[in-house]
Amino acid sequence: MPTARGWSIVGAAVALGLTGRALGAPEIERLGVALLALVVIAIVVVRRGRHELEIERSITPERSQAGGDVTVTLDIKNKGRSTAPLMLLEDRLPRGVHGTARFILHGIEAGGMRSATYQIAPGRRGRFEVGPSTIRFMDPFGLARVRATTAGLTSFLVRPQLEPLTMLTERGQRRAATASVLRQPIGAIGEDFYTLREYVEGDDLRRIHWPSTAKRGRFIIRQEETTWNTTATILLDDDAADHSTDPGSSSFERAIEAAAAFIDLYHQTGYSWRLLTAVAAGSKSARGPEHWGRCMDLLATVEPSRSSDDPMLTRIAEAGSTMAQSTLVVIVGTLTPDVSSALGACTRRFREVIVVSFPAHRYGDRVTRARWAGEKDLLAAQQMLVRAGARVVTLGPEDRLSAALTPARMIGGETPWERKPELA
């Protein structure tokens, strides 16, 4: 069909033909006919061209991270017997992927091939599909074009962004948790008596050695030695009822990024870990690059789900029923009293329990009164966990996980959203 330029030429041709006939000027009339014939010839050229284009699309890398660049390469081969004319090539991009996938290719000779490359930037995690490709053939004067669709869909995976974390120090000790590979003295349930030392804030009060405390006049802790178990469990709350899923401020997406950060941390430090979710299927305990890749792929595609019961309580009970492990990391949306109570019981099974909360009332566009009420309930749940010996971090939309994972801030969470006295 004619392009916008072609239609303008047709209009001009008709006007010249009518004007020439009205004025009795055959030269002007012939000029109009010639212009009209030019458009017809252009249409015939683009429609009758004996060319057959084959397009192969490749995406590099097939697995990327949100915010990173992805390169798309198109190999166009002319398998026909004539030269393909000027063409406009366009790939359809999925929503959430930014980039320009439209460009012009000059003619491709019979049996020839051209390559075109462009970059896209996915702004969020997920599985995306690029395509199909649309080709618009044009004549050299740009008067006519024909449209053809070719090259199917090509998918690629975008994993969540990774925020670098550092291994937390053991509570009540000054050295890092990775200081020993085989045996580590801790203040939890141990095997053999190790030593006596002074009490440090955060130590288990059940380990106080009262005879030494009475003799020295200050608290003394009985420290025991336990075989290091470098196994961690990461439990992600994917229950939609506990999250805000607003596109502009989603607590669920922040929870996904936090889970990815912990997985990368334990991968870098040589831990074995398993990833559990409240509703969707999780992974078994393992270590190594392949296990890291499987977990990242799972986080790239998991979506919040609805459940009639409270699946988090079931998953917490399953995690607590396994053999004693090193660390339990629980990433939740809104921290409820029932979940806090269940996690408090897990402190007896795990050497370290870390709770990262992204409360729904801090995200989205909830009214101020609802945020005040949510902050009050959150503070009560935090205090319950702190008394049980867990570490708690609560993050809002602008808070960074790496900055919050410090002993000074992991004491029950900050309360910047708490109701102000002057507004009561």
# chains A, B, ... in the order shown; residues from 1 in each chain; ligands from 1

$ residues_around --residues "His291 in chain A" --least-positions-apart "4" --cutoff "10 Å" --atoms "only C-alpha atoms" --output "number ranges by chain"
A: 263, 267, 272-274, 283-287, 295-297

$ residues_around --residues "Pro132 in chain A" --least-positions-apart "6" --cutoff "10 Å" --atoms "only C-alpha atoms" --output "list in words"
Arg57, Glu90, Asp91, Arg92, Leu93, Thr149, Thr150, Ala151, Gly152, Leu153 and Thr154 of chain A

$ write_last_selection --atoms "C-alpha atoms" --output "short mmCIF file (atom, residue, chain, number, x, y, z; two decimals), in the first residue's frame"
data_model
loop_
_atom_site.label_atom_id
_atom_site.label_comp_id
_atom_site.auth_asym_id
_atom_site.auth_seq_id
_atom_site.Cartn_x
_atom_site.Cartn_y
_atom_site.Cartn_z
CA ARG A 57 17.26 -13.78 16.60
CA GLU A 90 11.04 -3.61 14.00
CA ASP A 91 10.99 -6.02 16.94
CA ARG A 92 8.13 -6.02 19.40
CA LEU A 93 9.39 -5.47 22.94
CA THR A 149 5.74 -10.64 9.97
CA THR A 150 8.56 -13.07 10.54
CA ALA A 151 10.82 -14.46 13.28
CA GLY A 152 8.85 -15.84 16.20
CA LEU A 153 9.32 -15.20 19.91
CA THR A 154 12.65 -15.42 21.71
#

$ select_by_dssp --residues "range 197-395 of chain A" --states "alpha helix (DSSP H)" --output "VMD selection string"
chain A and resid 210 to 216 251 to 268 289 to 301 311 to 320 337 to 346 368 to 388

$ write_last_selection --atoms "C-alpha atoms" --output "PDB file, in the first residue's frame"
ATOM      1  CA  TRP A 210      26.613 -18.566  88.247  1.00  0.00           C
ATOM      2  CA  PRO A 211      29.519 -19.758  90.454  1.00  0.00           C
ATOM      3  CA  SER A 212      32.006 -17.735  88.396  1.00  0.00           C
ATOM      4  CA  THR A 213      29.600 -14.813  88.273  1.00  0.00           C
ATOM      5  CA  ALA A 214      29.338 -14.763  92.069  1.00  0.00           C
ATOM      6  CA  LYS A 215      33.113 -15.046  92.454  1.00  0.00           C
ATOM      7  CA  ARG A 216      34.029 -12.250  90.013  1.00  0.00           C
ATOM      8  CA  SER A 251       7.054  -4.766  49.163  1.00  0.00           C
ATOM      9  CA  PHE A 252       7.046  -8.127  47.379  1.00  0.00           C
ATOM     10  CA  GLU A 253       9.701  -7.041  44.880  1.00  0.00           C
ATOM     11  CA  ARG A 254      11.865  -5.782  47.744  1.00  0.00           C
ATOM     12  CA  ALA A 255      11.454  -9.153  49.466  1.00  0.00           C
ATOM     13  CA  ILE A 256      12.573 -10.936  46.277  1.00  0.00           C
ATOM     14  CA  GLU A 257      15.694  -8.769  46.088  1.00  0.00           C
ATOM     15  CA  ALA A 258      16.474  -9.458  49.753  1.00  0.00           C
ATOM     16  CA  ALA A 259      16.201 -13.216  49.211  1.00  0.00           C
ATOM     17  CA  ALA A 260      18.537 -12.956  46.215  1.00  0.00           C
ATOM     18  CA  ALA A 261      21.048 -10.956  48.279  1.00  0.00           C
ATOM     19  CA  PHE A 262      21.158 -13.609  51.020  1.00  0.00           C
ATOM     20  CA  ILE A 263      21.497 -16.422  48.482  1.00  0.00           C
ATOM     21  CA  ASP A 264      24.430 -14.647  46.874  1.00  0.00           C
ATOM     22  CA  LEU A 265      25.980 -14.027  50.309  1.00  0.00           C
ATOM     23  CA  TYR A 266      25.863 -17.694  51.307  1.00  0.00           C
ATOM     24  CA  HIS A 267      27.088 -18.743  47.874  1.00  0.00           C
ATOM     25  CA  GLN A 268      30.121 -16.478  48.186  1.00  0.00           C
ATOM     26  CA  PRO A 289      27.103 -22.260  41.033  1.00  0.00           C
ATOM     27  CA  GLU A 290      24.432 -24.575  39.622  1.00  0.00           C
ATOM     28  CA  HIS A 291      22.361 -24.401  42.793  1.00  0.00           C
ATOM     29  CA  TRP A 292      22.851 -20.625  42.861  1.00  0.00           C
ATOM     30  CA  GLY A 293      21.556 -20.409  39.294  1.00  0.00           C
ATOM     31  CA  ARG A 294      18.499 -22.567  40.036  1.00  0.00           C
ATOM     32  CA  CYS A 295      17.554 -20.414  43.010  1.00  0.00           C
ATOM     33  CA  MET A 296      18.006 -17.192  41.037  1.00  0.00           C
ATOM     34  CA  ASP A 297      15.830 -18.569  38.238  1.00  0.00           C
ATOM     35  CA  LEU A 298      13.154 -19.409  40.781  1.00  0.00           C
ATOM     36  CA  LEU A 299      13.275 -15.880  42.217  1.00  0.00           C
ATOM     37  CA  ALA A 300      13.065 -14.446  38.703  1.00  0.00           C
ATOM     38  CA  THR A 301       9.673 -16.018  38.062  1.00  0.00           C
ATOM     39  CA  PRO A 311       1.079 -20.979  54.600  1.00  0.00           C
ATOM     40  CA  MET A 312       3.924 -19.218  56.445  1.00  0.00           C
ATOM     41  CA  LEU A 313       3.097 -21.039  59.676  1.00  0.00           C
ATOM     42  CA  THR A 314       3.291 -24.379  57.853  1.00  0.00           C
ATOM     43  CA  ARG A 315       6.647 -23.559  56.285  1.00  0.00           C
ATOM     44  CA  ILE A 316       8.085 -22.318  59.581  1.00  0.00           C
ATOM     45  CA  ALA A 317       7.027 -25.539  61.278  1.00  0.00           C
ATOM     46  CA  GLU A 318       8.684 -27.556  58.494  1.00  0.00           C
ATOM     47  CA  ALA A 319      11.899 -25.544  58.781  1.00  0.00           C
ATOM     48  CA  GLY A 320      11.980 -25.989  62.562  1.00  0.00           C
ATOM     49  CA  PRO A 337       1.909 -12.047  65.886  1.00  0.00           C
ATOM     50  CA  ASP A 338       1.341 -15.682  64.870  1.00  0.00           C
ATOM     51  CA  VAL A 339       4.402 -15.677  62.617  1.00  0.00           C
ATOM     52  CA  SER A 340       6.468 -13.949  65.323  1.00  0.00           C
ATOM     53  CA  SER A 341       5.477 -16.578  67.867  1.00  0.00           C
ATOM     54  CA  ALA A 342       6.376 -19.424  65.491  1.00  0.00           C
ATOM     55  CA  LEU A 343       9.727 -17.843  64.662  1.00  0.00           C
ATOM     56  CA  GLY A 344      10.483 -17.340  68.343  1.00  0.00           C
ATOM     57  CA  ALA A 345      10.291 -21.098  68.797  1.00  0.00           C
ATOM     58  CA  CYS A 346      12.815 -21.567  65.971  1.00  0.00           C
ATOM     59  CA  THR A 368      -1.961   7.724  57.549  1.00  0.00           C
ATOM     60  CA  ARG A 369      -4.282   6.145  60.110  1.00  0.00           C
ATOM     61  CA  ALA A 370      -3.774   2.688  58.610  1.00  0.00           C
ATOM     62  CA  ARG A 371      -0.003   3.211  58.708  1.00  0.00           C
ATOM     63  CA  TRP A 372      -0.112   4.205  62.371  1.00  0.00           C
ATOM     64  CA  ALA A 373      -2.122   1.101  63.224  1.00  0.00           C
ATOM     65  CA  GLY A 374       0.193  -1.100  61.197  1.00  0.00           C
ATOM     66  CA  GLU A 375       3.276   0.347  62.892  1.00  0.00           C
ATOM     67  CA  LYS A 376       1.825  -0.334  66.319  1.00  0.00           C
ATOM     68  CA  ASP A 377       1.190  -4.000  65.496  1.00  0.00           C
ATOM     69  CA  LEU A 378       4.625  -4.262  63.888  1.00  0.00           C
ATOM     70  CA  LEU A 379       6.395  -2.966  66.986  1.00  0.00           C
ATOM     71  CA  ALA A 380       4.662  -5.547  69.187  1.00  0.00           C
ATOM     72  CA  ALA A 381       5.658  -8.376  66.825  1.00  0.00           C
ATOM     73  CA  GLN A 382       9.251  -7.117  66.721  1.00  0.00           C
ATOM     74  CA  GLN A 383       9.558  -6.996  70.482  1.00  0.00           C
ATOM     75  CA  MET A 384       8.280 -10.567  70.725  1.00  0.00           C
ATOM     76  CA  LEU A 385      11.018 -11.748  68.361  1.00  0.00           C
ATOM     77  CA  VAL A 386      13.771  -9.754  70.054  1.00  0.00           C
ATOM     78  CA  ARG A 387      12.896 -11.239  73.425  1.00  0.00           C
ATOM     79  CA  ALA A 388      13.157 -14.698  71.863  1.00  0.00           C
TER      80      ALA A 388
END

$ closest_residue --among "A:Phe350, A:Arg306, A:Arg218, A:Gly142" --to "Met1 in chain A" --atoms "only C-alpha atoms"
A:Gly142

$ residues_around --residues "Leu86 in chain A" --least-positions-apart "4" --cutoff "7 Å" --atoms "only C-alpha atoms" --output "ChimeraX atom specification"
/A:105-107,137-140

$ write_last_selection --atoms "all heavy atoms" --output "CSV table (one decimal), in the first residue's frame"
chain,number,residue,atom,x,y,z
A,105,LEU,N,17.3,-1.0,7.0
A,105,LEU,CA,18.3,-1.8,6.3
A,105,LEU,C,18.2,-1.5,4.8
A,105,LEU,O,17.0,-1.5,4.3
A,105,LEU,CB,18.1,-3.3,6.6
A,105,LEU,CG,18.4,-3.8,8.0
A,105,LEU,CD1,18.1,-5.3,8.0
A,105,LEU,CD2,19.9,-3.6,8.3
A,106,HIS,N,19.3,-1.3,4.2
A,106,HIS,CA,19.3,-1.1,2.8
A,106,HIS,C,19.2,-2.5,2.1
A,106,HIS,O,19.2,-3.5,2.7
A,106,HIS,CB,20.5,-0.4,2.3
A,106,HIS,CG,20.6,1.0,2.9
A,106,HIS,ND1,19.8,2.1,2.4
A,106,HIS,CD2,21.3,1.6,3.9
A,106,HIS,CE1,20.1,3.2,3.1
A,106,HIS,NE2,21.0,2.9,4.0
A,107,GLY,N,19.0,-2.5,0.8
A,107,GLY,CA,18.7,-3.7,0.1
A,107,GLY,C,19.7,-4.8,0.4
A,107,GLY,O,20.9,-4.6,0.6
A,137,PHE,N,8.7,-3.5,3.7
A,137,PHE,CA,9.5,-3.2,2.5
A,137,PHE,C,9.1,-1.9,1.8
A,137,PHE,O,7.9,-1.6,1.7
A,137,PHE,CB,9.3,-4.4,1.5
A,137,PHE,CG,9.8,-5.7,2.0
A,137,PHE,CD1,8.9,-6.7,2.4
A,137,PHE,CD2,11.1,-6.0,2.0
A,137,PHE,CE1,9.3,-7.9,2.9
A,137,PHE,CE2,11.6,-7.2,2.5
A,137,PHE,CZ,10.7,-8.2,2.9
A,138,MET,N,10.0,-1.2,1.4
A,138,MET,CA,9.8,0.1,0.7
A,138,MET,C,10.5,0.3,-0.6
A,138,MET,O,11.6,-0.3,-0.7
A,138,MET,CB,10.2,1.3,1.7
A,138,MET,CG,9.4,1.3,3.0
A,138,MET,SD,10.0,2.6,4.1
A,138,MET,CE,9.4,4.0,3.2
A,139,ASP,N,10.0,1.0,-1.5
A,139,ASP,CA,10.7,1.3,-2.8
A,139,ASP,C,11.7,2.4,-2.5
A,139,ASP,O,11.7,3.0,-1.5
A,139,ASP,CB,9.7,1.7,-3.8
A,139,ASP,CG,9.1,3.1,-3.5
A,139,ASP,OD1,8.3,3.1,-2.6
A,139,ASP,OD2,9.5,4.0,-4.2
A,140,PRO,N,12.7,2.6,-3.4
A,140,PRO,CA,13.7,3.5,-3.2
A,140,PRO,C,13.2,5.0,-3.0
A,140,PRO,O,13.9,5.8,-2.3
A,140,PRO,CB,14.6,3.4,-4.4
A,140,PRO,CG,14.4,2.1,-4.9
A,140,PRO,CD,12.9,1.7,-4.6

$ atom_distance --atom1 "CA of Pro164 in chain A" --atom2 "CA of His98 in chain A"
25.2 Å

$ closest_residue --among "A:Ala84, A:Ile120, A:Leu395, A:Val10" --to "Ile108 in chain A" --atoms "only C-alpha atoms"
A:Ala84

$ closest_residue --among "A:Leu36, A:Val302, A:Ala66, A:Ile76" --to "Gly6 in chain A" --atoms "only C-alpha atoms"
A:Leu36
